[in-house]
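Visitor: Quick one, entry_30.pdb (PDB, C-alpha atoms):
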```pdb
ATOM      1  CA  MET A 181       1.737  86.855 104.845
ATOM      2  CA  ALA A 182       2.145  89.858 102.621
ATOM      3  CA  GLY A 183       2.154  89.531  98.868
ATOM      4  CA  GLY A 184      -0.210  86.570  98.931
ATOM      5  CA  LEU A 185       2.524  84.251 100.177
ATOM      6  CA  VAL A 186       1.176  81.706 102.582
ATOM      7  CA  HIS A 187       3.399  80.243 105.229
ATOM      8  CA  PRO A 188       3.455  76.473 104.638
ATOM      9  CA  LEU A 189       3.139  75.437 108.273
ATOM     10  CA  LEU A 190       2.528  77.434 111.416
ATOM     11  CA  ILE A 191       1.741  76.042 114.821
ATOM     12  CA  SER A 192      -0.171  79.206 115.677
ATOM     13  CA  THR A 193      -2.604  78.399 112.862
ATOM     14  CA  LYS A 194      -2.975  74.852 114.144
ATOM     15  CA  LEU A 195      -3.689  76.164 117.616
ATOM     16  CA  GLY A 196      -6.073  78.838 116.323
ATOM     17  CA  MET A 197      -3.949  81.672 117.697
ATOM     18  CA  ASP A 198      -3.510  83.642 114.465
ATOM     19  CA  GLU A 199      -6.136  86.134 115.439
ATOM     20  CA  ALA A 200      -7.734  87.071 118.707
ATOM     21  CA  VAL A 201     -10.829  89.016 119.624
ATOM     22  CA  ILE A 202     -10.009  91.764 122.090
ATOM     23  CA  GLY A 203     -12.751  94.170 123.074
ATOM     24  CA  GLY A 204     -14.977  93.067 120.206
ATOM     25  CA  GLN A 205     -12.268  93.713 117.596
ATOM     26  CA  THR A 206     -10.406  91.019 115.713
ATOM     27  CA  VAL A 207      -6.693  91.740 115.872
ATOM     28  CA  GLU A 208      -3.642  89.937 114.566
ATOM     29  CA  PHE A 209      -2.282  87.820 117.383
ATOM     30  CA  LYS A 210       0.371  85.700 115.677
ATOM     31  CA  HIS A 211       3.368  87.809 116.611
ATOM     32  CA  ILE A 212       2.229  88.090 120.229
ATOM     33  CA  PHE A 213       1.827  84.320 120.417
ATOM     34  CA  TYR A 214       5.386  83.785 119.174
ATOM     35  CA  THR A 215       6.700  86.567 121.402
ATOM     36  CA  TRP A 216       5.237  84.741 124.390
ATOM     37  CA  PHE A 217       6.841  81.587 123.084
ATOM     38  CA  ALA A 218      10.242  83.296 122.964
ATOM     39  CA  ILE A 219       9.755  84.647 126.482
ATOM     40  CA  GLY A 220       8.792  81.142 127.608
ATOM     41  CA  ILE A 221      11.864  79.539 126.009
ATOM     42  CA  LEU A 222      14.224  82.067 127.588
ATOM     43  CA  SER A 223      12.547  81.879 131.017
ATOM     44  CA  VAL A 224      12.633  78.080 131.093
ATOM     45  CA  LEU A 225      16.244  78.069 129.919
ATOM     46  CA  GLY A 226      17.184  80.569 132.588
ATOM     47  CA  LEU A 227      15.381  78.671 135.353
ATOM     48  CA  VAL A 228      16.832  75.306 134.313
ATOM     49  CA  VAL A 229      20.371  76.675 134.186
ATOM     50  CA  LYS A 230      19.907  78.555 137.460
ATOM     51  CA  ARG A 231      18.787  75.450 139.305
ATOM     52  CA  ARG A 232      22.026  73.599 138.761
ATOM     53  CA  LEU A 233      24.748  76.164 138.681
ATOM     54  CA  LYS A 234      28.226  74.700 138.888
ATOM     55  CA  MET A 235      31.624  76.193 139.410
ATOM     56  CA  VAL A 236      32.877  74.389 136.323
ATOM     57  CA  PRO A 237      30.133  75.054 133.806
ATOM     58  CA  THR A 238      28.855  72.383 131.475
ATOM     59  CA  GLY A 239      26.326  72.308 128.683
ATOM     60  CA  ALA A 240      23.788  75.112 128.586
ATOM     61  CA  GLN A 241      25.409  76.985 131.447
ATOM     62  CA  ASN A 242      28.621  77.092 129.446
ATOM     63  CA  VAL A 243      26.927  78.598 126.417
ATOM     64  CA  LEU A 244      25.042  81.225 128.423
ATOM     65  CA  GLU A 245      28.081  82.150 130.487
ATOM     66  CA  VAL A 246      30.211  82.651 127.400
ATOM     67  CA  MET A 247      27.505  84.790 125.840
ATOM     68  CA  VAL A 248      26.835  86.997 128.861
ATOM     69  CA  ASP A 249      30.519  87.280 129.692
ATOM     70  CA  GLY A 250      31.416  88.248 126.132
ATOM     71  CA  LEU A 251      28.638  90.823 125.924
ATOM     72  CA  GLU A 252      29.595  92.275 129.296
ATOM     73  CA  SER A 253      33.246  92.733 128.371
ATOM     74  CA  PHE A 254      32.179  94.229 125.050
ATOM     75  CA  ILE A 255      29.852  96.739 126.745
ATOM     76  CA  ILE A 256      32.504  97.745 129.270
ATOM     77  CA  ASN A 257      35.044  98.089 126.500
ATOM     78  CA  ILE A 258      32.836 100.660 124.808
ATOM     79  CA  MET A 259      30.998 102.365 127.665
ATOM     80  CA  GLY A 260      33.673 102.207 130.337
ATOM     81  CA  GLU A 261      33.246 100.907 133.857
ATOM     82  CA  SER A 262      30.079 102.984 134.383
ATOM     83  CA  GLY A 263      28.388 100.867 131.717
ATOM     84  CA  ARG A 264      28.185  97.882 134.049
ATOM     85  CA  ARG A 265      24.806  99.099 135.299
ATOM     86  CA  TYR A 266      23.276  98.739 131.847
ATOM     87  CA  VAL A 267      24.591  95.247 131.168
ATOM     88  CA  PRO A 268      21.357  93.475 132.251
ATOM     89  CA  PHE A 269      19.151  95.635 130.040
ATOM     90  CA  LEU A 270      21.423  95.405 126.998
ATOM     91  CA  CYS A 271      22.136  91.678 127.354
ATOM     92  CA  CYS A 272      18.438  90.993 127.789
ATOM     93  CA  LEU A 273      17.682  92.976 124.646
ATOM     94  CA  PHE A 274      20.279  91.093 122.610
ATOM     95  CA  VAL A 275      19.301  87.610 123.771
ATOM     96  CA  TYR A 276      15.593  88.343 123.411
ATOM     97  CA  ILE A 277      15.907  89.735 119.885
ATOM     98  CA  LEU A 278      18.271  86.938 118.877
ATOM     99  CA  CYS A 279      15.795  84.340 120.130
ATOM    100  CA  MET A 280      12.895  85.980 118.298
ATOM    101  CA  ASN A 281      14.923  86.351 115.086
ATOM    102  CA  LEU A 282      16.108  82.763 115.078
ATOM    103  CA  MET A 283      12.569  81.519 115.679
ATOM    104  CA  GLY A 284      11.870  82.401 112.075
ATOM    105  CA  LEU A 285      14.262  79.658 110.963
ATOM    106  CA  VAL A 286      12.493  76.915 112.920
ATOM    107  CA  PRO A 287       9.859  75.100 110.852
ATOM    108  CA  GLY A 288       6.394  75.843 112.152
ATOM    109  CA  PHE A 289       7.402  79.122 113.712
ATOM    110  CA  ASP A 290       7.407  82.692 112.508
ATOM    111  CA  ALA A 291       9.736  85.424 113.702
ATOM    112  CA  PRO A 292       7.804  87.931 115.857
ATOM    113  CA  THR A 293      10.263  90.605 114.719
ATOM    114  CA  ALA A 294       8.878  90.208 111.192
ATOM    115  CA  ASN A 295       5.948  92.293 112.450
ATOM    116  CA  LEU A 296       6.330  96.053 112.710
ATOM    117  CA  ASN A 297       4.474  96.183 116.037
ATOM    118  CA  THR A 298       7.076  94.092 117.877
ATOM    119  CA  THR A 299      10.029  96.127 116.644
ATOM    120  CA  ALA A 300       8.184  99.430 117.170
ATOM    121  CA  ALA A 301       7.503  98.512 120.793
ATOM    122  CA  MET A 302      11.170  97.769 121.412
ATOM    123  CA  ALA A 303      12.380 100.877 119.569
ATOM    124  CA  VAL A 304      10.018 103.122 121.546
ATOM    125  CA  LEU A 305      11.166 101.470 124.771
ATOM    126  CA  VAL A 306      14.803 102.169 123.872
ATOM    127  CA  PHE A 307      13.977 105.768 122.945
ATOM    128  CA  LEU A 308      12.162 106.420 126.218
ATOM    129  CA  TYR A 309      14.825 104.623 128.240
ATOM    130  CA  TYR A 310      17.837 106.528 126.959
ATOM    131  CA  ASN A 311      16.045 109.858 127.243
ATOM    132  CA  PHE A 312      14.995 108.948 130.779
ATOM    133  CA  LEU A 313      18.603 108.097 131.651
ATOM    134  CA  GLY A 314      19.799 111.380 130.147
ATOM    135  CA  LEU A 315      17.196 113.353 132.091
ATOM    136  CA  LYS A 316      18.028 111.483 135.270
ATOM    137  CA  SER A 317      21.757 112.089 135.084
ATOM    138  CA  TRP A 318      21.699 115.656 133.693
ATOM    139  CA  GLY A 319      18.438 117.085 134.983
ATOM    140  CA  PRO A 320      17.373 120.269 133.138
ATOM    141  CA  LYS A 321      20.863 120.487 131.611
ATOM    142  CA  TYR A 322      19.906 117.598 129.330
ATOM    143  CA  ILE A 323      18.576 120.245 126.948
ATOM    144  CA  LYS A 324      22.222 120.997 126.096
ATOM    145  CA  HIS A 325      22.281 117.720 124.193
ATOM    146  CA  PHE A 326      19.740 119.265 121.852
ATOM    147  CA  SER A 327      20.863 122.878 121.587
ATOM    148  CA  GLY A 328      24.004 122.516 119.483
ATOM    149  CA  PRO A 329      27.417 124.073 120.059
ATOM    150  CA  MET A 330      26.631 127.770 119.470
ATOM    151  CA  PRO A 331      24.026 129.851 121.385
ATOM    152  CA  ALA A 332      23.191 131.877 118.264
ATOM    153  CA  LEU A 333      22.184 128.767 116.348
ATOM    154  CA  VAL A 334      19.826 127.330 118.982
ATOM    155  CA  PRO A 335      16.565 128.135 117.110
ATOM    156  CA  LEU A 336      17.922 126.274 114.081
ATOM    157  CA  MET A 337      19.663 123.416 115.867
ATOM    158  CA  LEU A 338      16.882 122.579 118.318
ATOM    159  CA  PRO A 339      14.376 121.274 115.726
ATOM    160  CA  ILE A 340      17.146 119.546 113.797
ATOM    161  CA  GLU A 341      18.366 117.780 116.914
ATOM    162  CA  ILE A 342      14.858 116.794 117.970
ATOM    163  CA  ILE A 343      14.136 115.391 114.525
ATOM    164  CA  SER A 344      17.429 113.525 114.450
ATOM    165  CA  HIS A 345      16.603 112.027 117.851
ATOM    166  CA  LEU A 346      13.110 111.064 116.673
ATOM    167  CA  ALA A 347      14.710 109.445 113.637
ATOM    168  CA  ARG A 348      16.572 107.007 115.883
ATOM    169  CA  PRO A 349      13.627 104.814 116.980
ATOM    170  CA  LEU A 350      12.308 105.012 113.422
ATOM    171  CA  SER A 351      15.527 103.644 111.950
ATOM    172  CA  LEU A 352      15.866 101.038 114.715
ATOM    173  CA  MET A 353      12.399  99.676 114.123
ATOM    174  CA  LEU A 354      12.499  99.819 110.331
ATOM    175  CA  ARG A 355      15.907  98.146 110.089
ATOM    176  CA  LEU A 356      15.042  95.167 112.247
ATOM    177  CA  PHE A 357      11.569  94.757 110.758
ATOM    178  CA  GLY A 358      12.729  95.125 107.167
ATOM    179  CA  ASN A 359      15.585  92.686 107.420
ATOM    180  CA  ILE A 360      13.710  89.971 109.245
ATOM    181  CA  ARG A 361      10.531  90.328 107.194
ATOM    182  CA  GLY A 362      12.541  90.185 103.996
ATOM    183  CA  GLU A 363      14.289  87.039 105.099
ATOM    184  CA  GLU A 364      11.005  85.415 106.095
ATOM    185  CA  LEU A 365       9.470  86.255 102.732
ATOM    186  CA  ILE A 366      12.474  84.878 100.857
ATOM    187  CA  LEU A 367      12.334  81.665 102.876
ATOM    188  CA  VAL A 368       8.635  81.180 102.140
ATOM    189  CA  LEU A 369       9.226  81.980  98.477
ATOM    190  CA  PHE A 370      12.110  79.526  98.195
ATOM    191  CA  PHE A 371      10.092  76.913 100.021
ATOM    192  CA  SER A 372       7.263  77.243  97.533
ATOM    193  CA  LEU A 373       9.746  76.946  94.650
ATOM    194  CA  ALA A 374      11.655  73.903  95.866
ATOM    195  CA  PRO A 375      11.006  72.700  99.405
ATOM    196  CA  LEU A 376      14.116  71.934 101.496
ATOM    197  CA  PHE A 377      16.459  71.850  98.500
ATOM    198  CA  ALA A 378      16.333  75.627  98.096
ATOM    199  CA  THR A 379      15.758  76.667 101.702
ATOM    200  CA  LEU A 380      18.546  74.776 103.460
ATOM    201  CA  PRO A 381      21.495  76.648 101.869
ATOM    202  CA  VAL A 382      20.071  80.051 102.750
ATOM    203  CA  TYR A 383      19.599  78.995 106.379
ATOM    204  CA  PHE A 384      23.283  79.530 107.030
ATOM    205  CA  LEU A 385      23.289  82.992 105.473
ATOM    206  CA  PHE A 386      20.103  84.066 107.244
ATOM    207  CA  GLY A 387      21.317  82.702 110.558
ATOM    208  CA  LEU A 388      24.294  85.027 110.323
ATOM    209  CA  ALA A 389      22.140  87.944 109.140
ATOM    210  CA  LYS A 390      19.678  87.496 112.013
ATOM    211  CA  MET A 391      22.527  87.415 114.506
ATOM    212  CA  LEU A 392      23.936  90.573 112.950
ATOM    213  CA  GLN A 393      20.581  92.364 113.174
ATOM    214  CA  ALA A 394      20.204  91.506 116.858
ATOM    215  CA  PHE A 395      23.756  92.718 117.398
ATOM    216  CA  ILE A 396      23.081  95.983 115.539
ATOM    217  CA  PHE A 397      19.991  96.720 117.660
ATOM    218  CA  PHE A 398      22.003  96.021 120.799
ATOM    219  CA  LEU A 399      24.971  98.090 119.619
ATOM    220  CA  LEU A 400      22.882 101.115 118.674
ATOM    221  CA  THR A 401      21.001 101.012 121.977
ATOM    222  CA  MET A 402      24.325 101.005 123.760
ATOM    223  CA  LEU A 403      25.629 103.935 121.712
ATOM    224  CA  TYR A 404      22.445 105.933 122.369
ATOM    225  CA  ILE A 405      22.687 105.330 126.113
ATOM    226  CA  ARG A 406      26.335 106.333 126.048
ATOM    227  CA  GLY A 407      25.478 109.446 124.066
ATOM    228  CA  ALA A 408      22.793 110.442 126.561
ATOM    229  CA  LEU A 409      25.143 109.974 129.505
ATOM    230  CA  GLU A 410      28.279 111.703 128.257
ATOM    231  CA  HIS A 411      28.885 115.443 127.871
ATOM    232  CA  ALA A 412      27.075 117.163 125.041
ATOM    233  CA  HIS A 413      29.414 117.711 122.072
TER     234      HIS A 413
ATOM    235  CA  MET B 168      31.518  81.573 120.417
ATOM    236  CA  LYS B 169      33.766  83.216 122.986
ATOM    237  CA  ASP B 170      35.922  84.768 120.309
ATOM    238  CA  PHE B 171      32.852  85.820 118.380
ATOM    239  CA  PHE B 172      31.976  88.405 121.031
ATOM    240  CA  LYS B 173      35.336  89.075 122.586
ATOM    241  CA  LYS B 174      37.049  90.112 119.405
ATOM    242  CA  ARG B 175      34.487  92.773 118.698
ATOM    243  CA  ALA B 176      36.159  95.277 120.929
ATOM    244  CA  PRO B 177      36.095  98.732 119.330
ATOM    245  CA  ARG B 178      39.852  98.956 119.233
ATOM    246  CA  ASP B 179      40.178  95.998 116.930
ATOM    247  CA  SER B 180      38.757  96.812 113.553
ATOM    248  CA  VAL B 181      36.981  93.484 113.231
ATOM    249  CA  LEU B 182      34.836  92.941 110.178
ATOM    250  CA  PRO B 183      31.444  92.222 111.857
ATOM    251  CA  TYR B 184      31.749  95.274 114.073
ATOM    252  CA  ALA B 185      32.787  97.524 111.204
ATOM    253  CA  PHE B 186      30.096  95.970 109.020
ATOM    254  CA  SER B 187      27.327  96.679 111.494
ATOM    255  CA  ARG B 188      28.545 100.224 112.021
ATOM    256  CA  ALA B 189      28.746 100.914 108.300
ATOM    257  CA  GLY B 190      25.410  99.221 107.607
ATOM    258  CA  THR B 191      23.542 101.529 109.966
ATOM    259  CA  ILE B 192      24.703 104.791 108.423
ATOM    260  CA  GLY B 193      22.551 104.618 105.303
ATOM    261  CA  LEU B 194      19.258 104.174 107.107
ATOM    262  CA  HIS B 195      20.191 106.871 109.614
ATOM    263  CA  MET B 196      20.187 109.455 106.858
ATOM    264  CA  VAL B 197      16.909 108.228 105.366
ATOM    265  CA  SER B 198      15.080 107.969 108.678
ATOM    266  CA  GLY B 199      15.914 111.589 109.501
ATOM    267  CA  VAL B 200      14.194 112.693 106.321
ATOM    268  CA  MET B 201      11.240 110.420 107.057
ATOM    269  CA  ALA B 202      10.826 111.642 110.635
ATOM    270  CA  GLY B 203      10.959 115.266 109.500
ATOM    271  CA  PHE B 204       8.460 114.729 106.728
ATOM    272  CA  LEU B 205       6.035 112.818 108.980
ATOM    273  CA  ILE B 206       6.115 115.583 111.604
ATOM    274  CA  GLY B 207       5.430 118.160 108.896
ATOM    275  CA  TYR B 208       2.652 116.020 107.453
ATOM    276  CA  TRP B 209       0.875 115.670 110.788
ATOM    277  CA  LEU B 210       1.309 119.354 111.651
ATOM    278  CA  ASP B 211      -0.115 120.296 108.236
ATOM    279  CA  LYS B 212      -3.082 118.028 108.777
ATOM    280  CA  TRP B 213      -3.648 119.465 112.227
ATOM    281  CA  LEU B 214      -3.163 123.161 111.416
ATOM    282  CA  GLY B 215      -4.366 123.107 107.810
ATOM    283  CA  THR B 216      -1.294 124.901 106.455
ATOM    284  CA  SER B 217      -0.521 122.495 103.630
ATOM    285  CA  PRO B 218       2.047 122.355 102.092
ATOM    286  CA  TRP B 219       4.337 124.799 103.915
ATOM    287  CA  LEU B 220       5.141 122.928 107.133
ATOM    288  CA  LYS B 221       5.768 119.789 105.090
ATOM    289  CA  LEU B 222       8.463 121.613 103.125
ATOM    290  CA  VAL B 223      10.034 123.223 106.180
ATOM    291  CA  PHE B 224      10.181 119.997 108.176
ATOM    292  CA  PHE B 225      11.378 118.063 105.154
ATOM    293  CA  VAL B 226      14.416 120.345 104.908
ATOM    294  CA  LEU B 227      14.920 120.128 108.675
ATOM    295  CA  GLY B 228      14.669 116.352 108.385
ATOM    296  CA  VAL B 229      17.406 116.300 105.739
ATOM    297  CA  ALA B 230      19.563 118.334 108.100
ATOM    298  CA  GLY B 231      18.701 115.977 110.963
ATOM    299  CA  GLY B 232      19.647 112.972 108.878
ATOM    300  CA  PHE B 233      22.976 114.565 108.042
ATOM    301  CA  ARG B 234      23.443 115.311 111.726
ATOM    302  CA  ASN B 235      22.976 111.623 112.587
ATOM    303  CA  VAL B 236      25.479 110.563 109.928
ATOM    304  CA  TYR B 237      27.887 113.247 111.131
ATOM    305  CA  LEU B 238      27.648 111.884 114.676
ATOM    306  CA  ASP B 239      28.258 108.339 113.395
ATOM    307  CA  ALA B 240      31.299 109.502 111.455
ATOM    308  CA  LYS B 241      32.612 111.353 114.497
ATOM    309  CA  ILE B 242      32.321 108.261 116.682
ATOM    310  CA  LEU B 243      34.070 106.128 114.055
ATOM    311  CA  LEU B 244      36.832 108.710 113.755
ATOM    312  CA  LYS B 245      37.286 108.816 117.531
ATOM    313  CA  GLU B 246      37.567 105.036 117.680
ATOM    314  CA  GLN B 247      40.054 105.085 114.823
ATOM    315  CA  ASP B 248      42.154 107.673 116.652
ATOM    316  CA  ALA B 249      42.057 105.635 119.852
ATOM    317  CA  LYS B 250      43.149 102.595 117.874
ATOM    318  CA  ASN B 251      46.041 104.455 116.225
ATOM    319  CA  VAL B 252      47.241 105.750 119.579
ATOM    320  CA  GLY B 253      47.079 102.220 120.957
ATOM    321  CA  ASP B 254      49.063 100.923 117.973
ATOM    322  CA  THR B 255      51.854 103.449 118.329
ATOM    323  CA  GLU B 256      51.999 102.813 122.059
ATOM    324  CA  THR B 257      52.482  99.119 121.583
ATOM    325  CA  LYS B 258      55.000  99.644 118.798
ATOM    326  CA  GLY B 259      57.031 102.339 120.498
TER     327      GLY B 259
END
```
Re-express the file's structure as structure tokens.
Guide:
Amino acid sequence: MAGGLVHPLLISTKLGMDEAVIGGQTVEFKHIFYTWFAIGILSVLGLVVKRRLKMVPTGAQNVLEVMVDGLESFIINIMGESGRRYVPFLCCLFVYILCMNLMGLVPGFDAPTANLNTTAAMAVLVFLYYNFLGLKSWGPKYIKHFSGPMPALVPLMLPIEIISHLARPLSLMLRLFGNIRGEELILVLFFSLAPLFATLPVYFLFGLAKMLQAFIFFLLTMLYIRGALEHAH
Amino acid sequence: MKDFFKKRAPRDSVLPYAFSRAGTIGLHMVSGVMAGFLIGYWLDKWLGTSPWLKLVFFVLGVAGGFRNVYLDAKILLKEQDAKNVGDTETKG
């Protein structure tokens, strides 16, 4: 942990997965371990729910159906009917980030999103994906998204637009990383001050904040995809 | 849980939705400046023209950050307009 704060209990430390040797180099492996854990949780949940689907949902199926249904209607509300194609990607992003964020609140676990590498990977994926979608639907005309409204101003607007597009993955990755890392640090700090007594009240607040961060990442991705697909200006 | 997502439609100005939109605007401006400065920094290192490209791309980055905020504001305004139209339609 940064700032000399030591996490009180981590199962990755117990299992010796904090660091791994890849190609003769020792690299930090903690966040990848917990990322795999999140993927495992979501996969198992999905498989278990899929195996006994019912017309009248109960238990876990109910929760997942409400979540996916709510997200889908939200996406279609904003993107229109053509947004239905991007529901799987966006829902997956939201559920995955939410799972990783909330892992930080479970004792013994750390949030993988508290590491810049995890959030950078997702932000770069989003950046490449929405540009790919824009290129696919507009072809060479996609450059119009970058050239501004007036032909005379193209030499000025082109670098500005490119920089403002490059700023998007940067802000996505820094926002998620900063918020989650800050919350993790505060939790560890509070735990070292007064175990349980100080940490339990902030759990509620941080649970909401982590949900909000996952939602913001999802929302911005959706807005970027919509921006790449609709007419320039 | 159902209401939690359903009520976040853009036409209803619900607090969490508005909060997340407003919360993103600040970092959008800053990250434009950062992206511009980093590009200038790397170009300077590569071409050995310090500090000129840094300055140029810094200014461009400020403009890019403003551009992002402008786009955000435009989207918010459009949603607000759509909401107002919807309100008058239901009232009238």
Visitor: So that I can check the surroundings of A:Ala408, please list as a compact mmCIF listing (two decimals) with C-alpha atoms, in the coordinates of the input every protein, DNA and RNA residue that reaches within 8 Å of it, counting all atoms listed in the file and ignoring chain neighbours fewer than 4 positions away.
Guide:
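Resulting contents of around.txt:
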```
# COMPACT_ATOMS: atom_id res chain seq x y z
CA TYR A 310 17.84 106.53 126.96
CA ASN A 311 16.05 109.86 127.24
CA LEU A 313 18.60 108.10 131.65
CA GLY A 314 19.80 111.38 130.15
CA HIS A 325 22.28 117.72 124.19
CA TYR A 404 22.44 105.93 122.37
```
Visitor: Determine the residue membership of the PyMOL selection byres ((chain A and resi 293) around 8) for the file above and supply it as an mmCIF file with C-alpha atoms, in the frame of the given file.
Guide:
```cif
data_model
loop_
_atom_site.group_PDB
_atom_site.id
_atom_site.type_symbol
_atom_site.label_atom_id
_atom_site.label_comp_id
_atom_site.auth_asym_id
_atom_site.auth_seq_id
_atom_site.Cartn_x
_atom_site.Cartn_y
_atom_site.Cartn_z
ATOM 1 C CA HIS A 211 3.368 87.809 116.611
ATOM 2 C CA ILE A 277 15.907 89.735 119.885
ATOM 3 C CA MET A 280 12.895 85.980 118.298
ATOM 4 C CA ASN A 281 14.923 86.351 115.086
ATOM 5 C CA ALA A 291 9.736 85.424 113.702
ATOM 6 C CA PRO A 292 7.804 87.931 115.857
ATOM 7 C CA ALA A 294 8.878 90.208 111.192
ATOM 8 C CA ASN A 295 5.948 92.293 112.450
ATOM 9 C CA LEU A 296 6.330 96.053 112.710
ATOM 10 C CA THR A 298 7.076 94.092 117.877
ATOM 11 C CA THR A 299 10.029 96.127 116.644
ATOM 12 C CA LEU A 356 15.042 95.167 112.247
ATOM 13 C CA PHE A 357 11.569 94.757 110.758
ATOM 14 C CA ILE A 360 13.710 89.971 109.245
ATOM 15 C CA ARG A 361 10.531 90.328 107.194
#
```
Visitor: Work out how far apart atom CA of A:Ile405 and atom CA of A:Phe326 are and give it in Å to one decimal.
Guide: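 Interatomic distance, atom CA of A:Ile405 to atom CA of A:Phe326: 14.9 Å.
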Visitor: I'd like the box whose edges run along x, y and z of the file and which contains every listed atom of stretch 241-252 of chain B, padded by 4 Å per side; could you state its centre and edge lengths in Å, one decimal, as JSON?
Guide:
```
{"center_x": 39.8, "center_y": 107.0, "center_z": 116.8, "size_x": 22.9, "size_y": 16.8, "size_z": 14.1}
```
Visitor: Applied to the shown file, which residues does the PyMOL selection byres ((chain A) within 8 of (chain B)) return, written as a short mmCIF file (atom, residue, chain, number, x, y, z; two decimals) with C-alpha atoms, in the frame of the given file?
Guide:
```
data_model
loop_
_atom_site.label_atom_id
_atom_site.label_comp_id
_atom_site.auth_asym_id
_atom_site.auth_seq_id
_atom_site.Cartn_x
_atom_site.Cartn_y
_atom_site.Cartn_z
CA VAL A 246 30.21 82.65 127.40
CA MET A 247 27.50 84.79 125.84
CA GLY A 250 31.42 88.25 126.13
CA LEU A 251 28.64 90.82 125.92
CA SER A 253 33.25 92.73 128.37
CA PHE A 254 32.18 94.23 125.05
CA ASN A 257 35.04 98.09 126.50
CA ILE A 258 32.84 100.66 124.81
CA PRO A 339 14.38 121.27 115.73
CA ILE A 340 17.15 119.55 113.80
CA GLU A 341 18.37 117.78 116.91
CA ILE A 343 14.14 115.39 114.52
CA SER A 344 17.43 113.52 114.45
CA LEU A 346 13.11 111.06 116.67
CA ALA A 347 14.71 109.44 113.64
CA ARG A 348 16.57 107.01 115.88
CA LEU A 350 12.31 105.01 113.42
CA SER A 351 15.53 103.64 111.95
CA ARG A 355 15.91 98.15 110.09
CA LEU A 392 23.94 90.57 112.95
CA PHE A 395 23.76 92.72 117.40
CA ILE A 396 23.08 95.98 115.54
#
```
Visitor: Carefully work through the PyMOL selection byres ((chain A and resi 210) around 9) for this structure and note down the residues it includes, as a short mmCIF file (atom, residue, chain, number, x, y, z; two decimals) with C-alpha atoms, in the coordinates of the input.
Guide:
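And here is the file that came out, part_20.cif:
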```cif
data_model
loop_
_atom_site.label_atom_id
_atom_site.label_comp_id
_atom_site.auth_asym_id
_atom_site.auth_seq_id
_atom_site.Cartn_x
_atom_site.Cartn_y
_atom_site.Cartn_z
CA SER A 192 -0.17 79.21 115.68
CA THR A 193 -2.60 78.40 112.86
CA MET A 197 -3.95 81.67 117.70
CA ASP A 198 -3.51 83.64 114.46
CA GLU A 199 -6.14 86.13 115.44
CA ALA A 200 -7.73 87.07 118.71
CA GLU A 208 -3.64 89.94 114.57
CA PHE A 209 -2.28 87.82 117.38
CA HIS A 211 3.37 87.81 116.61
CA ILE A 212 2.23 88.09 120.23
CA PHE A 213 1.83 84.32 120.42
CA TYR A 214 5.39 83.78 119.17
CA THR A 215 6.70 86.57 121.40
CA ASP A 290 7.41 82.69 112.51
CA PRO A 292 7.80 87.93 115.86
#
```
Visitor: In Å to one decimal, how far is atom CA of A:Met259 from atom CA of A:Met235?
Guide: 28.7 Å
Visitor: Anything within 12 Å of (2.4, 74.6, 108.3): list those residues as a list in words, counting only C-alpha atoms and sticking to the file's coordinates.
Guide: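 The residues near that point, listed by chain and number, are Val186, His187, Pro188, Leu189, Leu190, Ile191, Ser192, Thr193, Lys194, Leu195, Val286, Pro287, Gly288, Phe289, Asp290, Val368 and Phe371 of chain A.
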Visitor: Quote the spacing between atom CA of A:Asn359 and atom CA of A:Phe386 in Å to one decimal place.
Guide: 9.7 Å
